[in-house]
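The structure file target24.txt is reproduced below (compact mmCIF, N, CA and C atoms).
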```
# COMPACT_ATOMS: atom_id res chain seq x y z
N GLN A 648 112.39 77.68 84.22
CA GLN A 648 113.48 78.61 84.42
C GLN A 648 112.90 79.99 84.73
N THR A 649 113.54 80.69 85.65
CA THR A 649 113.09 82.01 86.08
C THR A 649 114.11 83.06 85.68
N ALA A 650 113.62 84.12 85.08
CA ALA A 650 114.46 85.27 84.77
C ALA A 650 113.85 86.48 85.44
N THR A 651 114.65 87.28 86.11
CA THR A 651 114.15 88.44 86.82
C THR A 651 114.81 89.69 86.28
N ILE A 652 114.00 90.72 86.02
CA ILE A 652 114.55 92.01 85.62
C ILE A 652 114.02 93.07 86.57
N SER A 653 114.76 94.14 86.74
CA SER A 653 114.32 95.25 87.56
C SER A 653 114.22 96.49 86.71
N LEU A 654 113.19 97.29 86.97
CA LEU A 654 113.00 98.54 86.27
C LEU A 654 113.36 99.66 87.23
N PHE A 655 114.13 100.64 86.79
CA PHE A 655 114.61 101.70 87.66
C PHE A 655 114.25 103.06 87.13
N LYS A 656 114.01 104.00 88.04
CA LYS A 656 113.87 105.40 87.69
C LYS A 656 115.21 106.05 87.98
N THR A 657 115.75 106.80 87.02
CA THR A 657 117.06 107.41 87.22
C THR A 657 116.97 108.92 87.18
N ALA A 658 117.90 109.56 87.86
CA ALA A 658 118.04 111.01 87.83
C ALA A 658 118.80 111.40 86.57
N PRO A 659 118.74 112.70 86.16
CA PRO A 659 119.50 113.13 85.00
C PRO A 659 121.00 112.83 85.12
N SER A 660 121.50 112.75 86.35
CA SER A 660 122.91 112.44 86.57
C SER A 660 123.23 110.98 86.29
N GLY A 661 122.18 110.15 86.16
CA GLY A 661 122.38 108.73 85.95
C GLY A 661 122.27 107.92 87.22
N ASP A 662 122.17 108.61 88.37
CA ASP A 662 122.02 107.90 89.65
C ASP A 662 120.66 107.20 89.70
N ILE A 663 120.64 106.01 90.24
CA ILE A 663 119.38 105.28 90.40
C ILE A 663 118.65 105.86 91.60
N LEU A 664 117.40 106.31 91.36
CA LEU A 664 116.60 106.90 92.42
C LEU A 664 115.68 105.88 93.06
N VAL A 665 114.95 105.16 92.25
CA VAL A 665 113.89 104.30 92.75
C VAL A 665 113.82 103.03 91.94
N GLN A 666 113.78 101.90 92.61
CA GLN A 666 113.47 100.66 91.89
C GLN A 666 111.96 100.62 91.77
N CYS A 667 111.46 100.65 90.54
CA CYS A 667 110.02 100.82 90.32
C CYS A 667 109.25 99.53 90.34
N ALA A 668 109.75 98.51 89.72
CA ALA A 668 109.01 97.25 89.67
C ALA A 668 109.96 96.13 89.30
N VAL A 669 109.59 94.95 89.65
CA VAL A 669 110.36 93.78 89.25
C VAL A 669 109.43 92.88 88.44
N ALA A 670 109.86 92.52 87.25
CA ALA A 670 109.09 91.63 86.40
C ALA A 670 109.79 90.28 86.37
N GLN A 671 109.04 89.23 86.58
CA GLN A 671 109.62 87.89 86.64
C GLN A 671 108.85 86.98 85.68
N CYS A 672 109.59 86.26 84.86
CA CYS A 672 108.98 85.32 83.95
C CYS A 672 109.17 83.93 84.54
N PHE A 673 108.07 83.24 84.79
CA PHE A 673 108.13 81.92 85.40
C PHE A 673 107.22 80.99 84.61
N ASN A 674 107.80 79.96 84.03
CA ASN A 674 107.06 79.01 83.21
C ASN A 674 106.21 79.69 82.14
N GLY A 675 106.77 80.70 81.50
CA GLY A 675 106.08 81.39 80.42
C GLY A 675 105.07 82.43 80.87
N THR A 676 104.93 82.65 82.18
CA THR A 676 103.99 83.64 82.71
C THR A 676 104.77 84.82 83.27
N LEU A 677 104.43 86.02 82.83
CA LEU A 677 105.09 87.22 83.32
C LEU A 677 104.37 87.72 84.56
N GLN A 678 105.10 87.89 85.64
CA GLN A 678 104.55 88.43 86.89
C GLN A 678 105.27 89.73 87.19
N VAL A 679 104.53 90.77 87.56
CA VAL A 679 105.13 92.05 87.90
C VAL A 679 104.87 92.34 89.37
N PHE A 680 105.93 92.66 90.10
CA PHE A 680 105.86 92.99 91.51
C PHE A 680 106.23 94.46 91.64
N TYR A 681 105.35 95.26 92.23
CA TYR A 681 105.60 96.70 92.36
C TYR A 681 106.31 96.99 93.68
N ALA A 682 107.35 97.80 93.63
CA ALA A 682 108.04 98.29 94.81
C ALA A 682 107.52 99.71 95.05
N GLU A 683 106.35 99.80 95.68
CA GLU A 683 105.64 101.07 95.78
C GLU A 683 106.31 102.03 96.74
N GLY A 684 106.08 103.30 96.48
CA GLY A 684 106.57 104.32 97.38
C GLY A 684 106.10 105.69 96.95
N TRP A 685 106.34 106.68 97.77
CA TRP A 685 106.02 108.06 97.43
C TRP A 685 107.10 108.94 98.03
N TYR A 686 107.29 110.09 97.43
CA TYR A 686 108.39 110.93 97.90
C TYR A 686 108.07 112.40 97.98
N SER A 687 106.90 112.85 97.59
CA SER A 687 106.53 114.24 97.83
C SER A 687 105.03 114.41 97.73
N ALA A 688 104.55 115.48 98.36
CA ALA A 688 103.14 115.83 98.32
C ALA A 688 103.04 117.34 98.22
N SER A 689 102.00 117.80 97.52
CA SER A 689 101.80 119.23 97.39
C SER A 689 100.30 119.51 97.30
N PRO A 690 99.81 120.46 98.09
CA PRO A 690 100.51 121.30 99.06
C PRO A 690 100.69 120.55 100.38
N LEU A 691 101.50 121.11 101.27
CA LEU A 691 101.67 120.55 102.61
C LEU A 691 101.01 121.44 103.65
N ILE A 692 100.13 122.31 103.17
CA ILE A 692 99.36 123.18 104.05
C ILE A 692 97.99 123.41 103.40
N ALA A 693 96.94 123.37 104.21
CA ALA A 693 95.60 123.61 103.70
C ALA A 693 94.75 124.15 104.85
N PHE A 694 93.56 124.59 104.50
CA PHE A 694 92.65 125.13 105.50
C PHE A 694 91.69 124.05 105.97
N ALA A 695 91.10 124.28 107.15
CA ALA A 695 90.23 123.28 107.77
C ALA A 695 89.00 122.97 106.93
N ASN A 696 88.66 123.85 105.98
CA ASN A 696 87.52 123.58 105.11
C ASN A 696 87.87 122.63 103.97
N GLY A 697 89.11 122.10 103.97
CA GLY A 697 89.53 121.14 102.94
C GLY A 697 89.95 121.80 101.65
N CYS A 698 90.43 123.02 101.74
CA CYS A 698 90.77 123.78 100.54
C CYS A 698 92.16 124.40 100.68
N ILE A 699 92.85 124.58 99.55
CA ILE A 699 94.15 125.22 99.60
C ILE A 699 94.03 126.75 99.60
N GLN A 700 92.83 127.26 99.33
CA GLN A 700 92.53 128.69 99.40
C GLN A 700 91.63 128.94 100.61
N ASN A 701 91.80 130.08 101.27
CA ASN A 701 90.96 130.40 102.42
C ASN A 701 89.69 131.10 101.93
N THR A 702 88.77 130.30 101.39
CA THR A 702 87.51 130.81 100.85
C THR A 702 86.35 130.11 101.54
N SER A 703 85.15 130.65 101.36
CA SER A 703 83.99 130.05 102.01
C SER A 703 83.54 128.75 101.34
N SER A 704 83.85 128.58 100.06
CA SER A 704 83.52 127.33 99.37
C SER A 704 84.75 126.82 98.65
N CYS A 705 84.78 125.53 98.45
CA CYS A 705 85.96 124.92 97.85
C CYS A 705 85.52 123.94 96.77
N SER A 706 86.19 123.98 95.63
CA SER A 706 85.85 123.07 94.55
C SER A 706 87.13 122.63 93.83
N PHE A 707 86.97 121.64 92.98
CA PHE A 707 88.07 121.09 92.18
C PHE A 707 88.73 122.22 91.40
N PRO A 708 90.04 122.31 91.30
CA PRO A 708 91.07 121.44 91.88
C PRO A 708 91.64 121.94 93.20
N ASP A 709 91.00 122.97 93.79
CA ASP A 709 91.53 123.55 95.04
C ASP A 709 91.34 122.64 96.25
N ASN A 710 90.75 121.48 96.06
CA ASN A 710 90.55 120.55 97.18
C ASN A 710 91.37 119.27 97.03
N LEU A 711 92.40 119.33 96.18
CA LEU A 711 93.20 118.13 95.92
C LEU A 711 94.63 118.24 96.44
N LEU A 712 95.11 117.13 96.93
CA LEU A 712 96.51 116.96 97.30
C LEU A 712 97.14 116.08 96.22
N THR A 713 98.27 116.51 95.67
CA THR A 713 98.97 115.76 94.63
C THR A 713 100.17 115.06 95.24
N LEU A 714 100.29 113.76 94.97
CA LEU A 714 101.44 113.00 95.47
C LEU A 714 102.26 112.48 94.31
N SER A 715 103.58 112.67 94.41
CA SER A 715 104.51 112.06 93.46
C SER A 715 104.84 110.68 93.99
N THR A 716 104.58 109.69 93.19
CA THR A 716 104.70 108.30 93.64
C THR A 716 105.63 107.52 92.72
N ALA A 717 105.96 106.34 93.15
CA ALA A 717 106.79 105.45 92.33
C ALA A 717 106.16 104.07 92.35
N ALA A 718 105.84 103.59 91.19
CA ALA A 718 105.36 102.22 90.98
C ALA A 718 104.08 101.90 91.71
N PHE A 719 103.17 102.87 91.82
CA PHE A 719 101.86 102.53 92.35
C PHE A 719 101.17 101.63 91.33
N ASP A 720 100.61 100.56 91.80
CA ASP A 720 99.96 99.59 90.94
C ASP A 720 98.63 100.18 90.45
N PRO A 721 98.44 100.34 89.15
CA PRO A 721 97.22 100.96 88.63
C PRO A 721 95.95 100.14 88.89
N ASP A 722 96.09 98.89 89.30
CA ASP A 722 94.93 98.05 89.59
C ASP A 722 94.60 98.00 91.08
N GLN A 723 95.33 98.75 91.90
CA GLN A 723 95.12 98.74 93.34
C GLN A 723 94.53 100.07 93.80
N LEU A 724 94.05 100.10 95.04
CA LEU A 724 93.45 101.29 95.62
C LEU A 724 94.32 101.83 96.75
N TYR A 725 94.42 103.16 96.81
CA TYR A 725 95.23 103.85 97.81
C TYR A 725 94.42 104.99 98.41
N ALA A 726 94.84 105.45 99.58
CA ALA A 726 94.18 106.58 100.24
C ALA A 726 95.21 107.38 101.02
N CYS A 727 94.87 108.61 101.33
CA CYS A 727 95.69 109.44 102.22
C CYS A 727 95.07 109.38 103.62
N TYR A 728 95.93 109.44 104.62
CA TYR A 728 95.50 109.39 106.00
C TYR A 728 96.22 110.48 106.77
N TRP A 729 95.46 111.38 107.39
CA TRP A 729 96.00 112.46 108.20
C TRP A 729 95.73 112.16 109.65
N GLN A 730 96.76 112.32 110.51
CA GLN A 730 96.61 112.07 111.94
C GLN A 730 97.23 113.23 112.70
N SER A 731 96.47 113.81 113.63
CA SER A 731 96.97 114.91 114.44
C SER A 731 98.23 114.48 115.18
N GLU A 732 99.24 115.36 115.19
CA GLU A 732 100.46 115.04 115.96
C GLU A 732 100.21 115.11 117.45
N SER A 733 99.24 115.94 117.88
CA SER A 733 98.99 116.10 119.32
C SER A 733 97.95 115.12 119.87
N ASP A 734 97.08 114.60 119.00
CA ASP A 734 96.04 113.67 119.44
C ASP A 734 95.77 112.65 118.33
N PRO A 735 96.32 111.44 118.42
CA PRO A 735 96.16 110.45 117.35
C PRO A 735 94.71 110.06 117.08
N HIS A 736 93.79 110.37 118.01
CA HIS A 736 92.39 110.05 117.80
C HIS A 736 91.73 111.04 116.83
N VAL A 737 92.40 112.15 116.56
CA VAL A 737 91.90 113.13 115.59
C VAL A 737 92.56 112.79 114.26
N ASN A 738 91.78 112.27 113.33
CA ASN A 738 92.34 111.83 112.06
C ASN A 738 91.28 111.87 110.96
N ARG A 739 91.74 111.80 109.74
CA ARG A 739 90.86 111.75 108.57
C ARG A 739 91.49 110.82 107.54
N THR A 740 90.63 110.13 106.77
CA THR A 740 91.08 109.27 105.68
C THR A 740 90.33 109.66 104.42
N SER A 741 91.06 109.85 103.33
CA SER A 741 90.41 110.12 102.06
C SER A 741 89.78 108.84 101.54
N SER A 742 88.98 108.95 100.50
CA SER A 742 88.42 107.75 99.89
C SER A 742 89.53 106.98 99.16
N TYR A 743 89.39 105.67 99.12
CA TYR A 743 90.35 104.84 98.38
C TYR A 743 90.06 104.97 96.89
N GLN A 744 91.11 105.11 96.11
CA GLN A 744 90.96 105.20 94.66
C GLN A 744 92.22 104.71 93.97
N GLN A 745 92.09 104.50 92.67
CA GLN A 745 93.24 104.08 91.88
C GLN A 745 94.12 105.28 91.55
N PRO A 746 95.42 105.06 91.42
CA PRO A 746 96.29 106.16 91.02
C PRO A 746 96.01 106.60 89.59
N LEU A 747 96.29 107.85 89.30
CA LEU A 747 96.14 108.34 87.94
C LEU A 747 97.14 107.67 87.02
N SER A 748 98.33 107.40 87.55
CA SER A 748 99.38 106.68 86.84
C SER A 748 100.28 106.07 87.91
N PRO A 749 101.26 105.25 87.53
CA PRO A 749 102.17 104.70 88.54
C PRO A 749 102.95 105.77 89.30
N SER A 750 103.05 106.98 88.72
CA SER A 750 103.85 108.03 89.36
C SER A 750 103.03 109.22 89.85
N LEU A 751 101.68 109.12 89.81
CA LEU A 751 100.86 110.26 90.21
C LEU A 751 99.58 109.79 90.89
N PHE A 752 99.33 110.36 92.06
CA PHE A 752 98.15 110.01 92.84
C PHE A 752 97.56 111.27 93.46
N TYR A 753 96.24 111.37 93.46
CA TYR A 753 95.54 112.50 94.06
C TYR A 753 94.68 112.03 95.22
N CYS A 754 94.63 112.85 96.28
CA CYS A 754 93.72 112.64 97.39
C CYS A 754 92.90 113.91 97.56
N GLU A 755 91.64 113.72 97.91
CA GLU A 755 90.82 114.88 98.24
C GLU A 755 91.15 115.31 99.67
N LEU A 756 91.37 116.62 99.86
CA LEU A 756 91.70 117.13 101.18
C LEU A 756 90.50 117.00 102.10
N PRO A 757 90.72 116.62 103.36
CA PRO A 757 89.61 116.44 104.29
C PRO A 757 89.16 117.78 104.89
N THR A 758 87.97 117.77 105.45
CA THR A 758 87.51 118.92 106.23
C THR A 758 87.68 118.58 107.71
N TRP A 759 87.95 119.62 108.48
CA TRP A 759 88.16 119.48 109.92
C TRP A 759 87.21 120.45 110.61
N SER A 760 86.35 119.97 111.49
CA SER A 760 85.35 120.84 112.10
C SER A 760 85.97 121.86 113.05
N SER A 761 86.77 121.42 113.98
CA SER A 761 87.32 122.35 114.97
C SER A 761 88.82 122.19 115.16
N PHE A 762 89.46 121.47 114.28
CA PHE A 762 90.89 121.20 114.44
C PHE A 762 91.72 122.14 113.56
N SER A 763 92.83 122.59 114.10
CA SER A 763 93.88 123.22 113.30
C SER A 763 95.19 122.86 113.98
N GLY A 764 96.24 122.68 113.20
CA GLY A 764 97.53 122.30 113.75
C GLY A 764 98.27 121.37 112.81
N TRP A 765 99.27 120.72 113.34
CA TRP A 765 100.12 119.83 112.53
C TRP A 765 99.58 118.41 112.53
N THR A 766 99.63 117.79 111.36
CA THR A 766 99.24 116.39 111.22
C THR A 766 100.40 115.62 110.58
N ARG A 767 100.25 114.32 110.62
CA ARG A 767 101.15 113.43 109.87
C ARG A 767 100.36 112.88 108.70
N LEU A 768 100.93 112.98 107.52
CA LEU A 768 100.27 112.50 106.30
C LEU A 768 100.88 111.17 105.91
N PHE A 769 100.04 110.15 105.85
CA PHE A 769 100.45 108.81 105.44
C PHE A 769 99.74 108.45 104.14
N VAL A 770 100.26 107.47 103.43
CA VAL A 770 99.57 106.90 102.27
C VAL A 770 99.29 105.44 102.59
N LEU A 771 98.04 105.02 102.42
CA LEU A 771 97.61 103.67 102.74
C LEU A 771 97.33 102.89 101.46
N HIS A 772 97.59 101.61 101.52
CA HIS A 772 97.29 100.68 100.42
C HIS A 772 96.16 99.79 100.90
N GLU A 773 95.02 99.80 100.21
CA GLU A 773 93.85 99.07 100.67
C GLU A 773 94.14 97.58 100.83
N GLY A 774 93.65 97.03 101.93
CA GLY A 774 93.80 95.61 102.19
C GLY A 774 95.15 95.20 102.75
N GLN A 775 96.01 96.19 103.00
CA GLN A 775 97.32 95.89 103.56
C GLN A 775 97.53 96.74 104.80
N ASP A 776 98.22 96.21 105.77
CA ASP A 776 98.45 96.93 107.01
C ASP A 776 99.52 98.01 106.86
N GLU A 777 100.48 97.75 106.00
CA GLU A 777 101.61 98.67 105.95
C GLU A 777 101.26 99.97 105.24
N VAL A 778 101.97 100.99 105.62
CA VAL A 778 101.86 102.30 104.99
C VAL A 778 102.95 102.37 103.93
N ILE A 779 102.61 102.90 102.77
CA ILE A 779 103.61 103.09 101.73
C ILE A 779 104.60 104.14 102.23
N VAL A 780 105.87 103.81 102.25
CA VAL A 780 106.85 104.71 102.87
C VAL A 780 107.49 105.64 101.87
N ASP A 781 108.02 106.73 102.39
CA ASP A 781 108.79 107.69 101.61
C ASP A 781 110.06 107.00 101.15
N LEU A 782 110.22 106.87 99.83
CA LEU A 782 111.35 106.11 99.29
C LEU A 782 112.70 106.75 99.52
N PHE A 783 112.72 108.06 99.78
CA PHE A 783 114.01 108.73 99.95
C PHE A 783 114.42 108.84 101.40
N ASP A 784 113.54 108.48 102.33
CA ASP A 784 113.88 108.49 103.74
C ASP A 784 113.09 107.38 104.41
N VAL A 785 113.59 106.17 104.33
CA VAL A 785 112.83 105.02 104.81
C VAL A 785 112.66 105.00 106.31
N SER A 786 113.32 105.92 107.03
CA SER A 786 113.11 106.00 108.48
C SER A 786 111.79 106.70 108.79
N GLU A 787 111.22 107.41 107.82
CA GLU A 787 109.97 108.12 108.02
C GLU A 787 108.90 107.57 107.07
N ALA A 788 107.70 107.36 107.58
CA ALA A 788 106.61 106.85 106.76
C ALA A 788 105.56 107.92 106.52
N TYR A 789 105.88 109.18 106.86
CA TYR A 789 104.90 110.24 106.72
C TYR A 789 105.59 111.57 106.43
N LEU A 790 104.79 112.55 105.99
CA LEU A 790 105.24 113.94 105.87
C LEU A 790 104.39 114.76 106.82
N ARG A 791 104.93 115.88 107.28
CA ARG A 791 104.15 116.79 108.13
C ARG A 791 103.25 117.64 107.25
N PHE A 792 102.01 117.82 107.69
CA PHE A 792 101.00 118.56 106.94
C PHE A 792 100.30 119.49 107.92
N GLN A 793 100.20 120.78 107.56
CA GLN A 793 99.59 121.74 108.47
C GLN A 793 98.16 122.08 108.06
N VAL A 794 97.26 122.10 109.05
CA VAL A 794 95.87 122.49 108.85
C VAL A 794 95.69 123.85 109.51
N LEU A 795 95.24 124.84 108.72
CA LEU A 795 95.01 126.19 109.23
C LEU A 795 93.52 126.42 109.47
N PRO A 796 93.17 127.30 110.42
CA PRO A 796 91.75 127.60 110.64
C PRO A 796 91.16 128.25 109.38
N SER A 797 89.90 127.93 109.08
CA SER A 797 89.20 128.51 107.93
C SER A 797 88.47 129.78 108.32
N LEU A 798 87.96 130.48 107.31
CA LEU A 798 87.12 131.67 107.55
C LEU A 798 85.92 131.33 108.40
```
Can you present the structure in this file as structure tokens?
Amino acid sequence: QTATISLFKTAPSGDILVQCAVAQCFNGTLQVFYAEGWYSASPLIAFANGCIQNTSSCSFPDNLLTLSTAAFDPDQLYACYWQSESDPHVNRTSSYQQPLSPSLFYCELPTWSSFSGWTRLFVLHEGQDEVIVDLFDVSEAYLRFQVLPSL
């Protein structure tokens, strides 16, 4: 016999925001299926030296992008992927790593040698072709991210 339950994240108003995971018990074995997604990133602007401050050197935490996520599997690896809006061949991928928690993920900001402009920011799940989509606007799989020239 199979029983399925769904776990939900709710707003203070009581509205259901995100279905976080589905747990299924089958023949005495509990299986959890994550309905992954992300819905915000901060900052959405950085300098070409990979820093949120326009300084000659950059170090932790000024080189991190923070993503608010939903149901990221703590046993899986994810990465951020930036792609120039004007030239898709200009892109950067952060290293793959595990999320800090199901609702929080960090990416190290990339450095850009001679590029500045608008990029598309995607989140990738290692070993899968699909991009984790923005849960609040499923028509878009990315956020716009601006790269500014460095000192």
- Query: Which is closer to Gly697 in chain A than all the others in A:Tyr725, A:Phe719, A:Trp685, A:Trp759, using all atoms listed in the file?
  - Reply: A:Trp759
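From atom N of Ser748 in chain A back to atom C of Ser731 in chain A, the distance works out to 28.5 Å.
Between CA of Gln793 in chain A and CA of His736 in chain A lies a distance of 16.6 Å.
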- Nearest-residue call for Glu773 in chain A, choices A:Ser750, A:Ser760, A:Gln723, A:Thr740, using only N, CA and C atoms: A:Gln723
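When CA of Ile692 in chain A is paired with CA of Thr758 in chain A, their separation reads 12.8 Å.
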Within 7 Å of range 702-718 of chain A, which residues of range 745-776 of chain A come that close, and what is the closest atom pair and distance in Å for each? Count only N, CA and C atoms and give it as JSON lines.
```
{"residue": "A:Ser748", "atom": "C", "partner": "A:Ala718", "partner_atom": "C", "distance": 6.8}
{"residue": "A:Pro749", "atom": "C", "partner": "A:Ala718", "partner_atom": "N", "distance": 4.1}
{"residue": "A:Ser750", "atom": "C", "partner": "A:Thr716", "partner_atom": "N", "distance": 3.7}
{"residue": "A:Leu751", "atom": "N", "partner": "A:Thr716", "partner_atom": "N", "distance": 4.5}
{"residue": "A:Phe752", "atom": "C", "partner": "A:Leu714", "partner_atom": "N", "distance": 4.0}
{"residue": "A:Tyr753", "atom": "CA", "partner": "A:Leu712", "partner_atom": "C", "distance": 4.5}
{"residue": "A:Cys754", "atom": "C", "partner": "A:Leu712", "partner_atom": "N", "distance": 4.0}
{"residue": "A:Glu755", "atom": "CA", "partner": "A:Asn710", "partner_atom": "C", "distance": 4.6}
{"residue": "A:Leu756", "atom": "N", "partner": "A:Asn710", "partner_atom": "C", "distance": 3.9}
{"residue": "A:Pro757", "atom": "N", "partner": "A:Asn710", "partner_atom": "C", "distance": 6.9}
```
Take the residues from that selection and write them out as a PDB file, keeping the file's coordinate frame, keeping N, CA and C atoms.
```pdb
ATOM      1  N   SER A 748      98.330 107.400  87.550  1.00  0.00           N
ATOM      2  CA  SER A 748      99.380 106.680  86.840  1.00  0.00           C
ATOM      3  C   SER A 748     100.280 106.070  87.910  1.00  0.00           C
ATOM      4  N   PRO A 749     101.260 105.250  87.530  1.00  0.00           N
ATOM      5  CA  PRO A 749     102.170 104.700  88.540  1.00  0.00           C
ATOM      6  C   PRO A 749     102.950 105.770  89.300  1.00  0.00           C
ATOM      7  N   SER A 750     103.050 106.980  88.720  1.00  0.00           N
ATOM      8  CA  SER A 750     103.850 108.030  89.360  1.00  0.00           C
ATOM      9  C   SER A 750     103.030 109.220  89.850  1.00  0.00           C
ATOM     10  N   LEU A 751     101.680 109.120  89.810  1.00  0.00           N
ATOM     11  CA  LEU A 751     100.860 110.260  90.210  1.00  0.00           C
ATOM     12  C   LEU A 751      99.580 109.790  90.890  1.00  0.00           C
ATOM     13  N   PHE A 752      99.330 110.360  92.060  1.00  0.00           N
ATOM     14  CA  PHE A 752      98.150 110.010  92.840  1.00  0.00           C
ATOM     15  C   PHE A 752      97.560 111.270  93.460  1.00  0.00           C
ATOM     16  N   TYR A 753      96.240 111.370  93.460  1.00  0.00           N
ATOM     17  CA  TYR A 753      95.540 112.500  94.060  1.00  0.00           C
ATOM     18  C   TYR A 753      94.680 112.030  95.220  1.00  0.00           C
ATOM     19  N   CYS A 754      94.630 112.850  96.280  1.00  0.00           N
ATOM     20  CA  CYS A 754      93.720 112.640  97.390  1.00  0.00           C
ATOM     21  C   CYS A 754      92.900 113.910  97.560  1.00  0.00           C
ATOM     22  N   GLU A 755      91.640 113.720  97.910  1.00  0.00           N
ATOM     23  CA  GLU A 755      90.820 114.880  98.240  1.00  0.00           C
ATOM     24  C   GLU A 755      91.150 115.310  99.670  1.00  0.00           C
ATOM     25  N   LEU A 756      91.370 116.620  99.860  1.00  0.00           N
ATOM     26  CA  LEU A 756      91.700 117.130 101.180  1.00  0.00           C
ATOM     27  C   LEU A 756      90.500 117.000 102.100  1.00  0.00           C
ATOM     28  N   PRO A 757      90.720 116.620 103.360  1.00  0.00           N
ATOM     29  CA  PRO A 757      89.610 116.440 104.290  1.00  0.00           C
ATOM     30  C   PRO A 757      89.160 117.780 104.890  1.00  0.00           C
TER      31      PRO A 757
END
```
Based on DSSP run over this structure's backbone, return all residues of range 694-766 of chain A in strand (DSSP E or B), as an mmCIF file with N, CA and C atoms, keeping the file's coordinate frame.
```
data_model
loop_
_atom_site.group_PDB
_atom_site.id
_atom_site.type_symbol
_atom_site.label_atom_id
_atom_site.label_comp_id
_atom_site.auth_asym_id
_atom_site.auth_seq_id
_atom_site.Cartn_x
_atom_site.Cartn_y
_atom_site.Cartn_z
ATOM 1 N N PHE A 694 93.560 124.590 104.500
ATOM 2 C CA PHE A 694 92.650 125.130 105.500
ATOM 3 C C PHE A 694 91.690 124.050 105.970
ATOM 4 N N CYS A 698 90.430 123.020 101.740
ATOM 5 C CA CYS A 698 90.770 123.780 100.540
ATOM 6 C C CYS A 698 92.160 124.400 100.680
ATOM 7 N N LEU A 711 92.400 119.330 96.180
ATOM 8 C CA LEU A 711 93.200 118.130 95.920
ATOM 9 C C LEU A 711 94.630 118.240 96.440
ATOM 10 N N LEU A 712 95.110 117.130 96.930
ATOM 11 C CA LEU A 712 96.510 116.960 97.300
ATOM 12 C C LEU A 712 97.140 116.080 96.220
ATOM 13 N N THR A 713 98.270 116.510 95.670
ATOM 14 C CA THR A 713 98.970 115.760 94.630
ATOM 15 C C THR A 713 100.170 115.060 95.240
ATOM 16 N N LEU A 714 100.290 113.760 94.970
ATOM 17 C CA LEU A 714 101.440 113.000 95.470
ATOM 18 C C LEU A 714 102.260 112.480 94.310
ATOM 19 N N SER A 715 103.580 112.670 94.410
ATOM 20 C CA SER A 715 104.510 112.060 93.460
ATOM 21 C C SER A 715 104.840 110.680 93.990
ATOM 22 N N THR A 716 104.580 109.690 93.190
ATOM 23 C CA THR A 716 104.700 108.300 93.640
ATOM 24 C C THR A 716 105.630 107.520 92.720
ATOM 25 N N ALA A 717 105.960 106.340 93.150
ATOM 26 C CA ALA A 717 106.790 105.450 92.330
ATOM 27 C C ALA A 717 106.160 104.070 92.350
ATOM 28 N N TYR A 725 94.420 103.160 96.810
ATOM 29 C CA TYR A 725 95.230 103.850 97.810
ATOM 30 C C TYR A 725 94.420 104.990 98.410
ATOM 31 N N ALA A 726 94.840 105.450 99.580
ATOM 32 C CA ALA A 726 94.180 106.580 100.240
ATOM 33 C C ALA A 726 95.210 107.380 101.020
ATOM 34 N N CYS A 727 94.870 108.610 101.330
ATOM 35 C CA CYS A 727 95.690 109.440 102.220
ATOM 36 C C CYS A 727 95.070 109.380 103.620
ATOM 37 N N TYR A 728 95.930 109.440 104.620
ATOM 38 C CA TYR A 728 95.500 109.390 106.000
ATOM 39 C C TYR A 728 96.220 110.480 106.770
ATOM 40 N N TRP A 729 95.460 111.380 107.390
ATOM 41 C CA TRP A 729 96.000 112.460 108.200
ATOM 42 C C TRP A 729 95.730 112.160 109.650
ATOM 43 N N GLN A 730 96.760 112.320 110.510
ATOM 44 C CA GLN A 730 96.610 112.070 111.940
ATOM 45 C C GLN A 730 97.230 113.230 112.700
ATOM 46 N N SER A 731 96.470 113.810 113.630
ATOM 47 C CA SER A 731 96.970 114.910 114.440
ATOM 48 C C SER A 731 98.230 114.480 115.180
ATOM 49 N N ASN A 738 91.780 112.270 113.330
ATOM 50 C CA ASN A 738 92.340 111.830 112.060
ATOM 51 C C ASN A 738 91.280 111.870 110.960
ATOM 52 N N ARG A 739 91.740 111.800 109.740
ATOM 53 C CA ARG A 739 90.860 111.750 108.570
ATOM 54 C C ARG A 739 91.490 110.820 107.540
ATOM 55 N N THR A 740 90.630 110.130 106.770
ATOM 56 C CA THR A 740 91.080 109.270 105.680
ATOM 57 C C THR A 740 90.330 109.660 104.420
ATOM 58 N N GLN A 744 91.110 105.110 96.110
ATOM 59 C CA GLN A 744 90.960 105.200 94.660
ATOM 60 C C GLN A 744 92.220 104.710 93.970
ATOM 61 N N SER A 748 98.330 107.400 87.550
ATOM 62 C CA SER A 748 99.380 106.680 86.840
ATOM 63 C C SER A 748 100.280 106.070 87.910
ATOM 64 N N LEU A 751 101.680 109.120 89.810
ATOM 65 C CA LEU A 751 100.860 110.260 90.210
ATOM 66 C C LEU A 751 99.580 109.790 90.890
ATOM 67 N N PHE A 752 99.330 110.360 92.060
ATOM 68 C CA PHE A 752 98.150 110.010 92.840
ATOM 69 C C PHE A 752 97.560 111.270 93.460
ATOM 70 N N TYR A 753 96.240 111.370 93.460
ATOM 71 C CA TYR A 753 95.540 112.500 94.060
ATOM 72 C C TYR A 753 94.680 112.030 95.220
ATOM 73 N N CYS A 754 94.630 112.850 96.280
ATOM 74 C CA CYS A 754 93.720 112.640 97.390
ATOM 75 C C CYS A 754 92.900 113.910 97.560
ATOM 76 N N GLU A 755 91.640 113.720 97.910
ATOM 77 C CA GLU A 755 90.820 114.880 98.240
ATOM 78 C C GLU A 755 91.150 115.310 99.670
ATOM 79 N N GLY A 764 96.240 122.680 113.200
ATOM 80 C CA GLY A 764 97.530 122.300 113.750
ATOM 81 C C GLY A 764 98.270 121.370 112.810
ATOM 82 N N TRP A 765 99.270 120.720 113.340
ATOM 83 C CA TRP A 765 100.120 119.830 112.530
ATOM 84 C C TRP A 765 99.580 118.410 112.530
ATOM 85 N N THR A 766 99.630 117.790 111.360
ATOM 86 C CA THR A 766 99.240 116.390 111.220
ATOM 87 C C THR A 766 100.400 115.620 110.580
#
```
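Within 6 Å of Ser741 in chain A, once all atoms listed in the file are used and residues closer than 4 positions along the same chain are dropped, the contacting residues are Ala726, Cys727, Tyr728 and Glu755 of chain A.
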